[in-house]
file final08.tsv (TSV, C-alpha atoms)
chain	number	residue	atom	x	y	z
M	15	HIS	CA	15.82	-27.54	-29.16
M	16	PHE	CA	12.94	-25.68	-30.85
M	17	VAL	CA	10.71	-28.77	-30.59
M	18	GLY	CA	11.75	-29.57	-27.02
M	19	ARG	CA	14.50	-32.14	-27.73
M	20	THR	CA	17.01	-30.03	-25.85
M	21	THR	CA	18.95	-32.91	-24.28
M	22	GLU	CA	19.77	-34.26	-27.74
M	23	ALA	CA	20.67	-30.80	-29.01
M	24	ARG	CA	22.96	-30.23	-26.02
M	25	SER	CA	24.82	-33.52	-26.57
M	26	LEU	CA	25.22	-32.87	-30.28
M	27	LEU	CA	26.50	-29.33	-29.74
M	28	LYS	CA	29.00	-30.44	-27.10
M	29	ALA	CA	30.38	-33.04	-29.53
M	30	ALA	CA	30.46	-30.47	-32.33
M	31	VAL	CA	32.30	-27.91	-30.18
M	32	GLU	CA	34.84	-30.56	-29.18
M	33	GLY	CA	35.35	-31.56	-32.80
M	34	ALA	CA	35.75	-27.94	-33.89
M	35	ALA	CA	38.30	-27.11	-31.19
M	36	PRO	CA	41.26	-26.94	-33.66
M	37	ASP	CA	39.41	-24.32	-35.72
M	38	LEU	CA	39.09	-22.05	-32.69
M	39	ARG	CA	42.84	-21.45	-32.84
M	40	SER	CA	42.20	-19.44	-36.05
M	41	PRO	CA	39.05	-17.47	-35.28
M	42	GLY	CA	39.61	-15.10	-38.20
M	43	ALA	CA	39.25	-17.89	-40.76
M	44	ILE	CA	35.89	-19.13	-42.03
M	45	PRO	CA	36.05	-22.50	-40.19
M	46	GLY	CA	36.95	-20.60	-37.03
M	47	PHE	CA	33.95	-18.33	-37.44
M	48	TYR	CA	31.58	-21.27	-37.57
M	49	ALA	CA	33.31	-22.94	-34.63
M	50	ILE	CA	32.62	-19.79	-32.59
M	51	LYS	CA	28.99	-19.90	-33.67
M	52	LEU	CA	28.82	-23.44	-32.31
M	53	LEU	CA	30.11	-22.16	-28.96
M	54	ASP	CA	27.40	-19.51	-28.95
M	55	ALA	CA	24.69	-22.07	-29.77
M	56	LEU	CA	25.83	-24.29	-26.90
M	57	ALA	CA	25.84	-21.28	-24.57
M	58	HIS	CA	22.23	-20.61	-25.53
M	59	ILE	CA	21.20	-24.17	-24.65
M	60	GLU	CA	23.03	-24.04	-21.31
M	61	ASP	CA	21.46	-20.67	-20.48
M	62	PHE	CA	17.98	-21.74	-21.46
M	63	THR	CA	18.04	-24.91	-19.36
M	64	GLY	CA	19.41	-23.24	-16.23
M	65	TYR	CA	23.15	-23.96	-16.39
M	66	LYS	CA	23.86	-20.26	-16.27
M	67	SER	CA	27.44	-20.36	-14.91
M	68	ALA	CA	28.47	-22.68	-17.75
M	69	ALA	CA	26.58	-20.46	-20.19
M	70	LEU	CA	28.32	-17.30	-18.95
M	71	GLU	CA	31.72	-18.95	-19.34
M	72	LEU	CA	30.86	-19.96	-22.91
M	73	ARG	CA	29.47	-16.50	-23.69
M	74	ALA	CA	32.66	-14.85	-22.42
M	75	ARG	CA	34.78	-17.22	-24.50
M	76	THR	CA	32.67	-16.56	-27.60
M	77	LEU	CA	32.98	-12.81	-27.16
M	78	SER	CA	36.75	-12.98	-26.64
M	79	LEU	CA	37.24	-14.92	-29.89
M	80	PHE	CA	35.35	-12.46	-32.10
M	81	ASP	CA	37.38	-9.54	-33.46
M	82	ALA	CA	35.29	-6.46	-32.81
M	83	ASN	CA	37.28	-4.54	-35.44
M	84	ASP	CA	36.58	-7.00	-38.25
M	85	PRO	CA	33.69	-5.50	-40.28
M	86	ARG	CA	32.84	-8.93	-41.71
M	87	ILE	CA	31.69	-10.20	-38.33
M	88	ARG	CA	30.55	-6.98	-36.66
M	89	ARG	CA	26.96	-8.11	-36.40
M	90	SER	CA	27.94	-11.46	-34.91
M	91	HIS	CA	30.15	-9.66	-32.38
M	92	GLN	CA	27.31	-7.34	-31.39
M	93	LEU	CA	24.94	-10.24	-30.83
M	94	ALA	CA	27.56	-12.16	-28.84
M	95	HIS	CA	28.13	-9.04	-26.73
M	96	MET	CA	24.41	-8.62	-25.99
M	97	ASN	CA	23.99	-12.31	-25.22
M	98	TYR	CA	26.91	-12.13	-22.78
M	99	LEU	CA	25.39	-9.15	-20.99
M	100	THR	CA	21.98	-10.83	-20.82
M	101	THR	CA	23.38	-13.99	-19.27
M	102	LYS	CA	25.58	-12.05	-16.87
M	103	SER	CA	22.68	-9.93	-15.64
M	104	SER	CA	20.44	-12.96	-15.10
M	105	LEU	CA	23.14	-14.70	-13.05
M	106	GLN	CA	24.78	-11.82	-11.19
M	107	GLY	CA	22.18	-9.06	-11.35
M	108	THR	CA	22.18	-5.82	-13.32
M	109	THR	CA	24.39	-2.86	-12.45
M	110	GLU	CA	24.27	0.65	-13.87
M	111	GLU	CA	27.53	-0.08	-15.71
M	112	LEU	CA	26.21	-3.27	-17.27
M	113	LEU	CA	22.98	-1.57	-18.33
M	114	ALA	CA	24.90	1.33	-19.90
M	115	GLU	CA	27.02	-1.19	-21.85
M	116	ALA	CA	23.88	-2.91	-23.17
M	117	GLN	CA	22.31	0.43	-24.11
M	118	GLU	CA	25.45	1.28	-26.08
M	119	VAL	CA	25.17	-1.96	-28.06
M	120	LEU	CA	21.52	-1.28	-28.84
M	121	ALA	CA	22.36	2.27	-29.92
M	122	GLU	CA	25.02	0.92	-32.33
M	123	VAL	CA	22.62	-1.61	-33.83
M	124	THR	CA	19.86	0.96	-34.18
M	125	ALA	CA	22.15	3.55	-35.80
M	126	GLU	CA	23.26	0.94	-38.33
M	127	ARG	CA	19.63	0.13	-39.15
M	128	ASP	CA	20.26	-3.48	-38.28
M	129	PRO	CA	17.11	-5.57	-38.92
M	130	ARG	CA	17.64	-7.31	-35.56
M	131	ALA	CA	17.25	-4.10	-33.56
M	132	GLY	CA	13.90	-5.28	-32.22
M	133	GLU	CA	15.42	-8.38	-30.69
M	134	PHE	CA	18.20	-6.29	-29.12
M	135	ALA	CA	15.56	-4.02	-27.58
M	136	ARG	CA	13.83	-7.06	-26.08
M	137	LEU	CA	17.10	-8.26	-24.56
M	138	LEU	CA	17.74	-4.78	-23.14
M	139	ALA	CA	14.36	-4.88	-21.41
M	140	ALA	CA	15.34	-8.17	-19.80
M	141	ILE	CA	18.71	-6.77	-18.71
M	142	ALA	CA	17.25	-3.54	-17.33
M	143	GLY	CA	15.23	-5.23	-14.62
M	144	ASN	CA	14.45	-2.97	-11.70
M	145	LEU	CA	16.81	-0.26	-12.98
M	146	HIS	CA	14.02	0.68	-15.38
M	147	THR	CA	10.47	1.48	-14.42
M	148	PRO	CA	7.75	-0.93	-15.61
M	149	GLU	CA	6.63	1.72	-18.07
M	150	GLU	CA	10.16	1.95	-19.54
M	151	ARG	CA	10.41	-1.84	-19.86
M	152	MET	CA	7.03	-2.08	-21.55
M	153	ALA	CA	7.93	0.73	-23.94
M	154	LEU	CA	11.09	-1.18	-24.92
M	155	LEU	CA	9.06	-4.33	-25.50
M	156	ARG	CA	6.47	-2.51	-27.61
M	157	ARG	CA	9.32	-1.03	-29.65
M	158	ALA	CA	10.87	-4.49	-30.01
M	159	ALA	CA	7.63	-6.07	-31.19
M	160	ALA	CA	6.90	-3.29	-33.68
M	161	ALA	CA	10.43	-3.32	-35.13
M	162	SER	CA	10.43	-7.10	-35.51
M	163	GLU	CA	6.98	-7.14	-37.08
M	164	ASP	CA	7.93	-4.40	-39.55
M	165	ARG	CA	10.90	-6.50	-40.63
M	166	GLY	CA	8.80	-9.62	-40.97
M	167	HIS	CA	10.60	-11.32	-38.07
M	168	SER	CA	7.56	-13.11	-36.68
M	169	ILE	CA	9.45	-15.21	-34.10
M	170	ASP	CA	11.16	-12.15	-32.59
M	171	SER	CA	7.84	-10.32	-32.58
M	172	PHE	CA	6.22	-13.28	-30.81
M	173	TYR	CA	8.78	-13.22	-28.01
M	174	ALA	CA	8.60	-9.43	-27.59
M	175	ASP	CA	4.81	-9.54	-27.37
M	176	ARG	CA	5.05	-12.46	-24.95
M	177	ASP	CA	7.47	-10.59	-22.68
M	178	HIS	CA	5.15	-7.57	-22.77
M	179	LEU	CA	2.36	-9.83	-21.52
M	180	PHE	CA	4.64	-11.23	-18.80
M	181	GLU	CA	5.42	-7.72	-17.60
M	182	ARG	CA	1.76	-6.77	-17.39
M	183	ALA	CA	1.00	-10.02	-15.57
M	184	ARG	CA	3.79	-9.32	-13.10
M	185	LEU	CA	2.20	-5.95	-12.36
M	186	GLY	CA	-1.15	-7.60	-11.63
M	187	ALA	CA	-3.17	-6.56	-14.67
M	188	ALA	CA	-6.60	-8.17	-14.88
M	189	GLY	CA	-8.28	-10.15	-17.66
M	190	LEU	CA	-5.18	-11.74	-19.21
M	191	ASP	CA	-6.57	-15.26	-19.75
M	192	PRO	CA	-7.29	-14.80	-23.48
M	193	GLU	CA	-3.77	-13.49	-24.14
M	194	PHE	CA	-2.03	-16.33	-22.30
M	195	GLN	CA	-4.19	-18.84	-24.12
M	196	SER	CA	-3.48	-17.16	-27.45
M	197	PHE	CA	0.28	-17.37	-26.91
M	198	LEU	CA	0.06	-21.03	-25.96
M	199	ALA	CA	-1.99	-21.74	-29.08
M	200	GLU	CA	0.48	-19.83	-31.28
M	201	ALA	CA	3.46	-21.69	-29.76
M	202	ARG	CA	1.77	-24.99	-30.58
M	203	GLU	CA	0.88	-23.91	-34.11
M	204	ARG	CA	4.52	-23.03	-34.72
M	205	GLY	CA	5.70	-26.31	-33.19
M	206	ASN	CA	7.63	-24.21	-30.69
M	207	LYS	CA	7.53	-26.67	-27.79
M	208	ARG	CA	10.37	-24.99	-25.91
M	209	ALA	CA	8.22	-21.88	-25.40
M	210	GLU	CA	5.33	-23.63	-23.67
M	211	PRO	CA	6.64	-24.36	-20.14
M	212	ARG	CA	7.65	-20.77	-19.50
M	213	ILE	CA	4.28	-19.47	-20.67
M	214	TYR	CA	2.56	-21.95	-18.37
M	215	ARG	CA	4.79	-20.85	-15.48
M	216	ARG	CA	4.03	-17.17	-15.95
M	217	TYR	CA	0.35	-17.97	-16.44
M	218	GLY	CA	0.38	-19.85	-13.14
M	219	ASP	CA	2.17	-16.96	-11.43
M	220	TRP	CA	-0.51	-14.57	-12.67
M	221	LEU	CA	-3.35	-16.86	-11.61
M	222	ARG	CA	-1.86	-16.95	-8.11
M	223	THR	CA	-1.93	-13.15	-7.94
M	224	GLN	CA	-5.61	-13.37	-8.85
M	225	GLN	CA	-6.20	-15.82	-5.97
M	226	ARG	CA	-7.25	-18.49	-8.48
M	227	PHE	CA	-5.26	-21.22	-6.80
M	228	ASP	CA	-6.96	-24.31	-8.25
M	229	GLU	CA	-6.37	-23.05	-11.79
M	230	ALA	CA	-2.79	-22.04	-10.96
M	231	ILE	CA	-2.11	-25.58	-9.73
M	232	THR	CA	-3.43	-27.02	-12.99
M	233	VAL	CA	-1.20	-24.73	-15.05
M	234	TYR	CA	1.90	-25.32	-12.90
M	235	ARG	CA	1.39	-29.07	-13.27
M	236	GLU	CA	1.46	-28.67	-17.04
M	237	ALA	CA	4.66	-26.62	-16.82
M	238	LEU	CA	6.18	-29.34	-14.64
M	239	ARG	CA	5.02	-32.15	-16.94
M	240	THR	CA	6.50	-30.64	-20.09
M	241	THR	CA	9.72	-29.58	-18.33
M	242	ALA	CA	10.25	-33.10	-17.00
M	243	GLN	CA	9.45	-34.61	-20.40
M	244	PHE	CA	12.05	-32.34	-22.03
M	245	GLU	CA	14.58	-33.26	-19.27
M	246	TRP	CA	15.26	-29.66	-18.29
M	247	HIS	CA	16.40	-30.83	-14.85
M	248	PRO	CA	17.59	-27.48	-13.37
M	249	LEU	CA	14.07	-26.09	-13.77
M	250	LEU	CA	12.31	-28.88	-11.89
M	251	PRO	CA	12.89	-27.58	-8.33
M	252	LEU	CA	11.25	-24.27	-9.23
M	253	TYR	CA	8.03	-25.93	-10.38
M	254	TYR	CA	7.81	-28.18	-7.34
M	255	ALA	CA	8.35	-25.12	-5.14
M	256	LYS	CA	5.65	-23.10	-6.89
M	257	LEU	CA	3.21	-25.99	-6.69
M	258	GLY	CA	3.95	-26.49	-2.99
M	259	ALA	CA	3.51	-22.81	-2.20
M	260	THR	CA	0.24	-22.70	-4.13
M	261	PHE	CA	-1.13	-25.79	-2.40
M	262	LEU	CA	-0.24	-24.21	0.93
M	263	ALA	CA	-1.96	-20.95	0.03
M	264	ASN	CA	-4.97	-23.00	-1.06
M	265	GLY	CA	-5.29	-24.70	2.32
M	266	GLN	CA	-3.84	-28.06	1.20
M	267	PRO	CA	-0.82	-28.62	3.50
M	268	ASP	CA	-0.57	-32.36	2.79
M	269	ALA	CA	-0.35	-31.77	-0.97
M	270	ALA	CA	2.22	-29.02	-0.32
M	271	ARG	CA	4.30	-31.40	1.79
M	272	GLU	CA	4.30	-33.91	-1.07
M	273	MET	CA	5.68	-31.24	-3.39
M	274	TRP	CA	8.49	-30.42	-0.91
M	275	VAL	CA	9.42	-34.13	-0.90
M	276	GLU	CA	9.44	-34.20	-4.69
M	277	LEU	CA	11.56	-31.04	-4.76
M	278	ASN	CA	14.28	-32.63	-2.62
M	279	ARG	CA	13.98	-35.88	-4.54
M	280	ALA	CA	14.67	-33.99	-7.79
M	281	VAL	CA	17.70	-32.27	-6.22
M	282	HIS	CA	19.17	-35.61	-5.11
M	283	ALA	CA	18.28	-37.39	-8.36
M	284	HIS	CA	20.02	-34.78	-10.53
M	285	PRO	CA	23.29	-33.75	-8.82
M	286	ASP	CA	24.26	-31.65	-11.85
M	287	ILE	CA	21.59	-29.07	-11.00
M	288	PRO	CA	23.44	-25.83	-10.13
M	289	ALA	CA	23.00	-24.24	-6.72
M	290	PRO	CA	21.14	-21.02	-7.77
M	291	PRO	CA	17.90	-22.66	-8.97
M	292	ILE	CA	17.91	-24.92	-5.90
M	293	LEU	CA	18.24	-21.89	-3.64
M	294	GLU	CA	15.47	-20.11	-5.51
M	295	ALA	CA	13.16	-23.08	-5.01
M	296	TRP	CA	14.01	-23.36	-1.31
M	297	GLU	CA	13.44	-19.64	-0.87
M	298	ILE	CA	9.92	-20.00	-2.29
M	299	GLN	CA	9.30	-22.97	-0.02
M	300	LEU	CA	10.68	-21.29	3.08
M	301	PHE	CA	8.68	-18.09	2.79
M	302	ALA	CA	5.52	-20.02	1.96
M	303	GLN	CA	6.03	-21.99	5.16
M	304	LEU	CA	6.78	-18.87	7.19
M	305	ARG	CA	3.57	-17.25	5.92
M	306	ALA	CA	1.69	-20.40	6.92
M	307	GLY	CA	3.24	-20.37	10.41
M	308	GLN	CA	5.30	-23.53	9.79
M	309	ILE	CA	8.38	-22.24	11.60
M	310	GLU	CA	10.11	-25.57	12.24
M	311	GLU	CA	9.59	-26.65	8.63
M	312	ALA	CA	11.14	-23.37	7.52
M	313	ARG	CA	14.12	-24.01	9.80
M	314	ALA	CA	14.64	-27.36	8.06
M	315	VAL	CA	14.81	-25.60	4.70
M	316	ALA	CA	17.32	-23.14	6.13
M	317	LYS	CA	19.49	-26.10	7.17
M	318	LEU	CA	19.36	-27.36	3.59
M	319	ALA	CA	20.48	-23.96	2.32
M	320	ARG	CA	23.26	-23.85	4.88
M	321	SER	CA	24.44	-27.30	3.75
M	322	LEU	CA	25.25	-25.87	0.31
M	323	THR	CA	27.66	-23.37	1.83
M	324	ASP	CA	29.13	-25.93	4.21
M	325	ARG	CA	29.87	-28.21	1.24
M	326	GLY	CA	31.44	-25.33	-0.69
M	327	LEU	CA	28.77	-25.30	-3.41
M	328	VAL	CA	27.77	-21.71	-2.67
M	329	PRO	CA	30.13	-19.11	-1.14
M	330	GLU	CA	28.77	-17.60	2.04
M	331	PRO	CA	28.25	-14.07	0.59
M	332	ASP	CA	26.44	-15.51	-2.42
M	333	LEU	CA	23.93	-17.31	-0.25
M	334	LEU	CA	22.38	-14.24	1.31
M	335	PRO	CA	20.93	-12.51	-1.80
M	336	PHE	CA	18.74	-15.57	-2.34
M	337	LEU	CA	17.53	-15.69	1.21
M	338	GLU	CA	16.92	-12.07	2.26
M	339	THR	CA	17.44	-10.63	5.71
M	340	SER	CA	14.80	-12.56	7.65
M	341	LEU	CA	16.11	-15.91	6.45
M	342	ALA	CA	19.72	-14.81	7.00
M	343	ASP	CA	18.82	-14.16	10.64
M	344	LEU	CA	17.20	-17.58	10.85
M	345	ILE	CA	20.27	-19.29	9.38
M	346	ALA	CA	22.54	-17.43	11.82
M	347	SER	CA	20.70	-19.08	14.69
M	348	LEU	CA	21.40	-22.59	13.36
M	349	PRO	CA	24.49	-24.67	14.18
M	350	LYS	CA	26.88	-24.67	11.27
M	351	ASP	CA	27.48	-28.40	11.57
M	352	ALA	CA	23.81	-29.22	11.07
M	353	ALA	CA	23.52	-32.52	9.26
M	354	THR	CA	22.19	-32.58	5.71
M	355	PRO	CA	18.93	-34.56	5.59
M	356	PRO	CA	19.29	-37.93	3.82
M	357	ALA	CA	18.12	-38.35	0.27
M	358	PRO	CA	14.48	-39.39	0.09
M	359	ALA	CA	13.56	-42.91	-0.94
M	360	PRO	CA	12.88	-43.44	-4.65
M	361	ALA	CA	9.33	-42.86	-5.74
M	362	ASP	CA	7.23	-46.00	-6.04
M	363	ARG	CA	4.92	-44.51	-8.64
M	364	PRO	CA	5.29	-42.39	-11.79
M	365	LEU	CA	5.12	-38.70	-10.89
M	366	LEU	CA	4.08	-37.36	-14.28
M	367	GLN	CA	1.80	-38.41	-17.07
M	368	PRO	CA	3.42	-39.09	-20.46
M	369	LEU	CA	3.55	-36.29	-22.99
M	370	SER	CA	0.36	-36.10	-25.01
M	371	VAL	CA	-0.43	-34.27	-28.22
M	372	SER	CA	-3.22	-32.23	-26.68
M	373	THR	CA	-2.66	-30.60	-23.32
M	374	LEU	CA	-4.91	-29.40	-20.53
M	375	ALA	CA	-8.18	-27.57	-20.78
M	376	LEU	CA	-7.11	-24.00	-20.17
M	377	PRO	CA	-8.40	-21.95	-17.24
M	378	GLY	CA	-11.14	-19.57	-18.23
M	379	CYS	CA	-12.56	-22.04	-20.80
M	380	GLY	CA	-15.75	-23.69	-19.09
M	381	HIS	CA	9.82	-18.00	-21.24
M	382	ARG	CA	12.31	-18.68	-25.29
call {"tool": "encode", "arguments": {"input": "final08.tsv", "output": "structure tokens"}}
result
Amino acid sequence: HFVGRTTEARSLLKAAVEGAAPDLRSPGAIPGFYAIKLLDALAHIEDFTGYKSAALELRARTLSLFDANDPRIRRSHQLAHMNYLTTKSSLQGTTEELLAEAQEVLAEVTAERDPRAGEFARLLAAIAGNLHTPEERMALLRRAAAASEDRGHSIDSFYADRDHLFERARLGAAGLDPEFQSFLAEARERGNKRAEPRIYRRYGDWLRTQQRFDEAITVYREALRTTAQFEWHPLLPLYYAKLGATFLANGQPDAAREMWVELNRAVHAHPDIPAPPILEAWEIQLFAQLRAGQIEEARAVAKLARSLTDRGLVPEPDLLPFLETSLADLIASLPKDAATPPAPAPADRPLLQPLSVSTLALPGCGHR
């Protein structure tokens, strides 16, 4: 997984979890402990690649099997607890109750002088979301980076510093090219291939906020290329959507239309992609089209979203948070029996270049 071979890691972990199933009946024994750790590792892979409902189920099972009162596994229980809360918040959103629960776990870890306190602080920042101010989130991330660096945990420090950069980029800070490029270089030096696509995605997002659309397109293409190469299928719709929206903002409607076709092709080609990332991609597409005055095209996307509820893939109440009020009103005006558009014809050309050792020339040079 660290070097990008996540599909292989996922298959191996699923086989290992299946083989270790008998040991899970005795979680207090040593074999049972390691069987639970396998469950947790599989949950991480599912979470990372976008299968968040499956990940949350595995996280909940992992947490239920650990005995919180057993001092031998207290640290493992704390980490499983924080991982569960992180996955739950990313899938269902953060509530005050969930945030308070996560803060309690961090307080326990900090009071016990656990060397992993920095990583717990980073996870808390991710959980907090909009319930914390940007300043509070950045303070948590600075604390996480400093604690991890003091303990010599360079990987944890890398991710905390990276998330701090992401937060500043989200707030529209200027002059971040050198930092994004530095993190990409460090990820490559470490052989940490799994870190690259997310950095590219956030770099592209930031470039868009700076109105540097041509450079954003270049960076998004690299995120898409590596994601496709690693076979992280649930993430593909998001990259096609971001590319399409950027092309549209850049005055290239034909190129945007091609990305919308590729988005739907990816959805039909990989039926195991969960509904939430598909809805997120369609939301990006729809609002980009609304901003560009493409009302009928936006209606077509709304029909696609409606088709997920009609087929029972997304409950009606769960659809609306992804689509916001204006889109909800648009969907309400559509007939509920609207036909789902047919799957697009297979592509007659390769969509992506093969993975190469050296990647793109970074703009400004002449995610875990």
call {"tool": "residues_around", "arguments": {"input": "final08.tsv", "residues": "Ala82 (chain M)", "least_positions_apart": "6", "cutoff": "10 Å", "atoms": "all atoms listed in the file", "output": "PyMOL selection string"}}
result
chain M and resi 88-92+95
call {"tool": "residues_near_point", "arguments": {"input": "final08.tsv", "point": "(7.6, -5.2, -24.1)", "cutoff": "12 Å", "atoms": "only C-alpha atoms", "output": "PyMOL selection string"}}
result
chain M and resi 132-140+142+148-162+170-183
call {"tool": "atom_distance", "arguments": {"input": "final08.tsv", "atom1": "CA of Val315 (chain M)", "atom2": "CA of Gln299 (chain M)"}}
result
7.7 Å
call {"tool": "axis_aligned_box", "arguments": {"input": "final08.tsv", "around": "region 258-264 of chain M", "padding_each_side": "3 Å", "output": "lines of an AutoDock Vina configuration file"}}
result
center_x = -0.5
center_y = -23.7
center_z = -1.6
size_x = 14.9
size_y = 11.5
size_z = 11.1
call {"tool": "residues_near_point", "arguments": {"input": "final08.tsv", "point": "(6.9, -20.8, -15.9)", "cutoff": "12 Å", "atoms": "all atoms listed in the file", "output": "MDAnalysis selection string"}}
result
chainID M and resid 180 194 208:221 230:231 233:241 249:257 381:382
call {"tool": "atom_distance", "arguments": {"input": "final08.tsv", "atom1": "CA of Ala269 (chain M)", "atom2": "CA of Ile298 (chain M)"}}
result
15.7 Å
call {"tool": "atom_distance", "arguments": {"input": "final08.tsv", "atom1": "CA of Gly107 (chain M)", "atom2": "CA of Pro285 (chain M)"}}
result
24.8 Å
call {"tool": "closest_residue", "arguments": {"input": "final08.tsv", "among": "M:Gly166, M:Thr260, M:Asp286, M:Arg75", "to": "Pro129 (chain M)", "atoms": "only C-alpha atoms"}}
result
M:Gly166
call {"tool": "closest_residue", "arguments": {"input": "final08.tsv", "among": "M:Glu122, M:Asp37, M:Asp61, M:Asp84", "to": "Thr100 (chain M)", "atoms": "all atoms listed in the file"}}
result
M:Asp61
call {"tool": "closest_residue", "arguments": {"input": "final08.tsv", "among": "M:Ala43, M:Ala316, M:Ala289, M:Ala302", "to": "Leu262 (chain M)", "atoms": "only C-alpha atoms"}}
result
M:Ala302
call {"tool": "residues_around", "arguments": {"input": "final08.tsv", "residues": "Ala30 (chain M)", "least_positions_apart": "5", "cutoff": "12 Å", "atoms": "only C-alpha atoms", "output": "list in words"}}
result
Ala23, Arg24, Ser25, Ala35, Pro36, Asp37, Tyr48, Ala49, Ile50, Lys51, Leu52, Leu53, Asp54, Ala55 and Leu56 of chain M
call {"tool": "closest_atom_pairs", "arguments": {"input": "final08.tsv", "of": "region 212-276 of chain M", "to": "region 309-313 of chain M", "cutoff": "12 Å", "atoms": "only C-alpha atoms", "output": "Markdown table"}}
result
| residue | atom | partner | partner_atom | distance |
| --- | --- | --- | --- | --- |
| M:Pro267 | CA | M:Glu311 | CA | 11.8 |
| M:Ala270 | CA | M:Glu311 | CA | 11.8 |
| M:Arg271 | CA | M:Glu311 | CA | 9.9 |
| M:Trp274 | CA | M:Glu311 | CA | 10.3 |
call {"tool": "closest_residue", "arguments": {"input": "final08.tsv", "among": "M:Ser321, M:Ser168, M:Ser104, M:Gln308", "to": "Gly143 (chain M)", "atoms": "all atoms listed in the file"}}
result
M:Ser104
call {"tool": "residues_around", "arguments": {"input": "final08.tsv", "residues": "Gly64 (chain M)", "least_positions_apart": "4", "cutoff": "9 Å", "atoms": "all atoms listed in the file", "output": "PyMOL selection string"}}
result
chain M and resi 59-60+69+246-249+287-288+290-291
call {"tool": "residues_around", "arguments": {"input": "final08.tsv", "residues": "Glu272 (chain M)", "least_positions_apart": "4", "cutoff": "12 Å", "atoms": "only C-alpha atoms", "output": "VMD selection string"}}
result
chain M and resid 254 to 255 257 to 259 261 to 262 266 to 268 276 to 279 358 361 365
call {"tool": "closest_residue", "arguments": {"input": "final08.tsv", "among": "M:Thr21, M:Gln303, M:Ser196, M:Gln225", "to": "Gln243 (chain M)", "atoms": "all atoms listed in the file"}}
result
M:Thr21
call {"tool": "residues_around", "arguments": {"input": "final08.tsv", "residues": "Arg204 (chain M)", "least_positions_apart": "2", "cutoff": "10 Å", "atoms": "all atoms listed in the file", "output": "PyMOL selection string"}}
result
chain M and resi 16-17+169+199-202+206-207
call {"tool": "write_last_selection", "arguments": {"input": "final08.tsv", "atoms": "C-alpha atoms", "output": "short mmCIF file (atom, residue, chain, number, x, y, z; two decimals), in the coordinates of the input"}}
result
data_model
loop_
_atom_site.label_atom_id
_atom_site.label_comp_id
_atom_site.auth_asym_id
_atom_site.auth_seq_id
_atom_site.Cartn_x
_atom_site.Cartn_y
_atom_site.Cartn_z
CA PHE M 16 12.94 -25.68 -30.85
CA VAL M 17 10.71 -28.77 -30.59
CA ILE M 169 9.45 -15.21 -34.10
CA ALA M 199 -1.99 -21.74 -29.08
CA GLU M 200 0.48 -19.83 -31.28
CA ALA M 201 3.46 -21.69 -29.76
CA ARG M 202 1.77 -24.99 -30.58
CA ASN M 206 7.63 -24.21 -30.69
CA LYS M 207 7.53 -26.67 -27.79
#
